[in-house]
Amino acid sequence: MTNTMKTIRRYQTIIIRASLLGCLLTSGFACKKDLLDPANRTSISDATAFDNETRITAQINGLYASLKSVFFYGGGVIIYNELRGDEFIMNKPNVTTGQQSWLQAVNPSTTEVINTWSTGYAAINAVNTFLAGLEQNKNKITAEQYAGFSGEAKFIRALCYFTLVQIYAQPYTRDGGASPGLPLRLKAERSNEGNQLARSSVAEIYNQVLEDLNDAEGALPVHYSTTVLNTTRATKNTAVALKARVDLAKGDYAGVIAEGSKIVSAEAPFQAPSGGVNNKLEASIATVFSGSYAGPESVFSLPFTSTEPGLLANFFNIAPFNGSYYLNASATISDPVYSSATSADARKNFVFTNTSQKWLSKFKVPVSYSDWVPVIRYAEVLLTYAEALTRTGGEANLTRARDLLAAVRNRSDASYVFPSGTVNTQTTLLASILQERKIELLGEGFLVPDLQRQGLTLPAKSGAQGNAPAIPAADNRYIWPVPSSETAINPLIVQNPL
């Protein structure tokens with residue numbers, strides 16, 4: 001067996017064991033087949049794993065599958081980034097529903113703290129191992145194929161590191177990235193020797209993320225052969241869109257504008273340039289969440305099925321087992337978009353009342369949990385671009401930002417016109433864009449990262465099942481601690497202040 005394949009299998013074992021532990025810990029909802037498919041990733045002969053395009057594609061599919069763990073983009077990171085804010089109120093208080101995250105009471109041994117970290121790093125090591133094997137076998141495929149596969153792997157690694165650094169480290173905007181970040185592992189780990197690694201700074205992690213994404217943008221294809229592949233595998237547009245998100249988190253608004261201009265047309269209707277994937281807003285917001293997951297708005301989504309389920313419907317939709325979290329009537333759904341009897345906004349239909357509480361129904365498949373997870377939507381791209389233009393200022397930028405904001409709002413309410421007082425100045429326009437992000441992206445995992453990049457307090461919330469305090473930016477609980485599983489094996493790592 002080759003060293004490369006041994007390492008892949010070693011980290012598959014880590015992920016599978018974590019998944020089995022997850023089943024034990026989350027028996028109320030997750031003891032179905034895990035989203036990872038180990039058969040896909042081990043069925044290829046060790047000697048021929050990188051022999052041709054078909055077999056390498058199987059390895060790439062395994063890398064995408066590693067993102068789909070229930071502790072990562074199978075629901076976990078999205079859910080935790082919502083629960084730590086104030087949009088949802090706890091209905092089922094127990095360890096399986098992220099109770100400690102909602103209460104702002106996690107510690108280094110909390111289940112989600114350990115499993116989010118270990119799943120992310122297992123995926124990173126799988127990428128590192130794949131890249132090593134690909135390099136050793138590059139003569140077996142064309143230069144174009146080599147570039148594309150390498151670009152996909154680097155996109156996945158960038159997404160993993162960016163996700164983890166936002167959870168376990170201080171926001172870049174706090175001190176220009178000077179705070180401790182993460183151990184930066186870029187080589188395949190084949191033994192325990194690689195465990196001993198100090199934390200790189202937040203800036204160093206962001207630099208690596210952007211380096212990977214720049215490489216990916218240059219290497220990835222502009223499109224694949226089907227709309228499903230254009231949605232579920234990374235393209236040039238995907239890398240650019242994630243770069244815009246990363247630059248926004250850095251406070252690099254010039255960077256956001258540079259990336260946004262690559263995939264957003266100069267005039268409405270806004271869409272990506274011809275020649276690649278024609279990303280644009282769906283005509284109806286309902287279509288985005290109605291089971292047609294491969295439409296033009298999906299820049300990158302992860303597919304799920306009844307045999308490879310996700311978690312979002314289980315947490316946020318009441319049927320059929322009484323959902324884990326209902327919507328906070330005092331938070332974003334108090335906006336007239338949702339609360340006004342005269343609102344014609346189609347997003348209002350994502351909120352429904354049952355058992356006297358209001359629930360989110362974006363994710364509509366609560367039995368099979370087969371809703372796809374929207375990791376990057378074009379609506380986010382437009383709002384990110386609009387925010388950067390507004391923060392930069394200048395009348396031309398503000399005019400363009402107003403048009404981008406209107407495009408998102410008018411997709412759901414064609415007749416709506418923003419009152420002049422809400423968009424006529426840089427300050428009021430920025431407030432309207434930030435509110436539109438909350439309305440449009442509700443339940444999709446943006447709330448806490450958006451608060452943290454602005455240095456804002458994580459709001460207090462309360463309900464029948466408990467109360468959670470406000471967490472200001474200076475509070476040690478603003479970010480998660482390094483998990484005990486890492487400090488136990490890595491003597492060089494420095495724990496976050498507890």
# chains A, B, ... in the order shown; residues from 1 in each chain; ligands from 1
>>> residues_around(residues="Glu217 in chain A", least_positions_apart="4", cutoff="7 Å", atoms="only C-alpha atoms", output="ChimeraX atom specification")
/A:213,236,239-240
>>> write_last_selection(atoms="C-alpha atoms", output="PDB file, in the first residue's frame")
ATOM      1  CA  LEU A 213      -8.133  30.625  -3.822  1.00  0.00           C
ATOM      2  CA  LYS A 236     -13.730  29.872 -11.361  1.00  0.00           C
ATOM      3  CA  ALA A 239     -13.305  30.602  -6.120  1.00  0.00           C
ATOM      4  CA  VAL A 240     -13.957  34.278  -6.874  1.00  0.00           C
TER       5      VAL A 240
END
>>> residues_around(residues="Leu441 in chain A", least_positions_apart="5", cutoff="9 Å", atoms="only C-alpha atoms", output="list in words")
Ala379, Glu380, Glu436, Phe446 and Leu447 of chain A
>>> write_last_selection(atoms="C-alpha atoms", output="tab-separated table (two decimals), in the first residue's frame")
chain	number	residue	atom	x	y	z
A	379	ALA	CA	-27.61	36.83	-3.49
A	380	GLU	CA	-24.79	36.80	-0.94
A	436	GLU	CA	-30.96	42.91	4.02
A	446	PHE	CA	-23.87	34.22	8.32
A	447	LEU	CA	-25.15	35.87	11.49
>>> residues_around(residues="Ser225 in chain A", least_positions_apart="4", cutoff="12 Å", atoms="only C-alpha atoms", output="number ranges by chain")
A: 221, 229-233, 235, 276-277
>>> write_last_selection(atoms="C-alpha atoms", output="PDB file, in the first residue's frame")
ATOM      1  CA  PRO A 221     -12.638  25.282 -15.272  1.00  0.00           C
ATOM      2  CA  LEU A 229     -21.714  19.682 -11.542  1.00  0.00           C
ATOM      3  CA  ASN A 230     -21.589  23.471 -11.917  1.00  0.00           C
ATOM      4  CA  THR A 231     -23.304  23.660  -8.533  1.00  0.00           C
ATOM      5  CA  THR A 232     -21.568  20.856  -6.633  1.00  0.00           C
ATOM      6  CA  ARG A 233     -17.989  21.243  -7.871  1.00  0.00           C
ATOM      7  CA  THR A 235     -15.552  26.579 -10.830  1.00  0.00           C
ATOM      8  CA  GLY A 276     -18.652  30.507 -17.697  1.00  0.00           C
ATOM      9  CA  VAL A 277     -21.439  29.518 -15.345  1.00  0.00           C
TER      10      VAL A 277
END
>>> closest_residue(among="A:Ala216, A:Val375, A:Leu360, A:Leu398", to="Val423 in chain A", atoms="only C-alpha atoms")
A:Leu398
>>> atom_distance(atom1="CA of Phe50 in chain A", atom2="CA of Thr163 in chain A")
28.6 Å
>>> atom_distance(atom1="CA of Lys438 in chain A", atom2="CA of Phe71 in chain A")
23.4 Å
>>> select_by_dssp(residues="range 64-312 of chain A", states="helix (DSSP H, G or I)", output="PyMOL selection string")
chain A and resi 64-67+76-83+95-97+99-102+111-136+138-140+143-168+172-175+192-195+202-219+227-232+236-250+253-263+285-288+312
>>> closest_residue(among="A:Leu389, A:Ala203, A:Val408, A:Ala346", to="Lys280 in chain A", atoms="only C-alpha atoms")
A:Val408
>>> residues_around(residues="Ala123 in chain A", least_positions_apart="4", cutoff="7 Å", atoms="only C-alpha atoms", output="list in words")
Leu63, Ser66, Leu67, Thr119 and Val127 of chain A
>>> write_last_selection(atoms="N, CA and C atoms", output="compact mmCIF listing (two decimals), in the first residue's frame")
# COMPACT_ATOMS: atom_id res chain seq x y z
N LEU A 63 -13.19 14.22 -1.37
CA LEU A 63 -12.84 15.47 -0.70
C LEU A 63 -14.08 16.34 -0.47
N SER A 66 -16.02 15.06 2.38
CA SER A 66 -15.50 15.37 3.71
C SER A 66 -16.07 16.68 4.26
N LEU A 67 -16.52 17.56 3.38
CA LEU A 67 -17.17 18.80 3.83
C LEU A 67 -18.56 18.53 4.40
N THR A 119 -13.10 17.45 12.36
CA THR A 119 -13.63 17.20 11.02
C THR A 119 -12.99 18.14 10.00
N VAL A 127 -7.09 16.68 1.78
CA VAL A 127 -6.67 17.51 0.65
C VAL A 127 -5.15 17.46 0.48
>>> closest_residue(among="A:Ala460, A:Gln452, A:Val337, A:Ile205", to="Phe418 in chain A", atoms="only C-alpha atoms")
A:Val337
>>> residues_around(residues="Gly218 in chain A", least_positions_apart="2", cutoff="12 Å", atoms="only C-alpha atoms", output="PyMOL selection string")
chain A and resi 144+147-152+154-155+211-216+220-222+235-240
>>> write_last_selection(atoms="C-alpha atoms", output="PDB file, in the first residue's frame")
ATOM      1  CA  GLU A 144      -5.537  20.838 -17.919  1.00  0.00           C
ATOM      2  CA  ALA A 147      -4.749  22.029 -12.962  1.00  0.00           C
ATOM      3  CA  GLY A 148      -8.475  21.486 -12.498  1.00  0.00           C
ATOM      4  CA  PHE A 149      -8.097  18.772  -9.866  1.00  0.00           C
ATOM      5  CA  SER A 150      -5.480  20.800  -8.012  1.00  0.00           C
ATOM      6  CA  GLY A 151      -7.749  23.849  -8.091  1.00  0.00           C
ATOM      7  CA  GLU A 152     -10.687  21.929  -6.647  1.00  0.00           C
ATOM      8  CA  LYS A 154      -7.169  23.980  -2.962  1.00  0.00           C
ATOM      9  CA  PHE A 155     -10.659  25.490  -2.977  1.00  0.00           C
ATOM     10  CA  GLU A 211      -3.227  31.996  -1.938  1.00  0.00           C
ATOM     11  CA  ASP A 212      -5.178  28.763  -2.347  1.00  0.00           C
ATOM     12  CA  LEU A 213      -8.133  30.625  -3.822  1.00  0.00           C
ATOM     13  CA  ASN A 214      -5.968  32.580  -6.231  1.00  0.00           C
ATOM     14  CA  ASP A 215      -4.392  29.323  -7.373  1.00  0.00           C
ATOM     15  CA  ALA A 216      -7.845  27.776  -7.652  1.00  0.00           C
ATOM     16  CA  LEU A 220     -10.437  25.746 -12.203  1.00  0.00           C
ATOM     17  CA  PRO A 221     -12.638  25.282 -15.272  1.00  0.00           C
ATOM     18  CA  VAL A 222     -15.157  27.961 -16.151  1.00  0.00           C
ATOM     19  CA  THR A 235     -15.552  26.579 -10.830  1.00  0.00           C
ATOM     20  CA  LYS A 236     -13.730  29.872 -11.361  1.00  0.00           C
ATOM     21  CA  ASN A 237     -16.856  31.705 -10.194  1.00  0.00           C
ATOM     22  CA  THR A 238     -16.871  29.654  -6.989  1.00  0.00           C
ATOM     23  CA  ALA A 239     -13.305  30.602  -6.120  1.00  0.00           C
ATOM     24  CA  VAL A 240     -13.957  34.278  -6.874  1.00  0.00           C
TER      25      VAL A 240
END
>>> residues_around(residues="Leu492 in chain A", least_positions_apart="6", cutoff="6 Å", atoms="only C-alpha atoms", output="ChimeraX atom specification")
/A:196-198
>>> write_last_selection(atoms="N, CA and C atoms", output="CSV table (one decimal), in the first residue's frame")
chain,number,residue,atom,x,y,z
A,196,GLN,N,2.7,18.3,16.6
A,196,GLN,CA,3.4,19.4,17.3
A,196,GLN,C,3.6,20.6,16.4
A,197,LEU,N,2.7,21.5,16.4
A,197,LEU,CA,2.7,22.7,15.6
A,197,LEU,C,2.1,23.8,16.2
A,198,ALA,N,2.8,24.9,16.3
A,198,ALA,CA,2.2,26.1,17.0
A,198,ALA,C,1.2,26.8,16.0
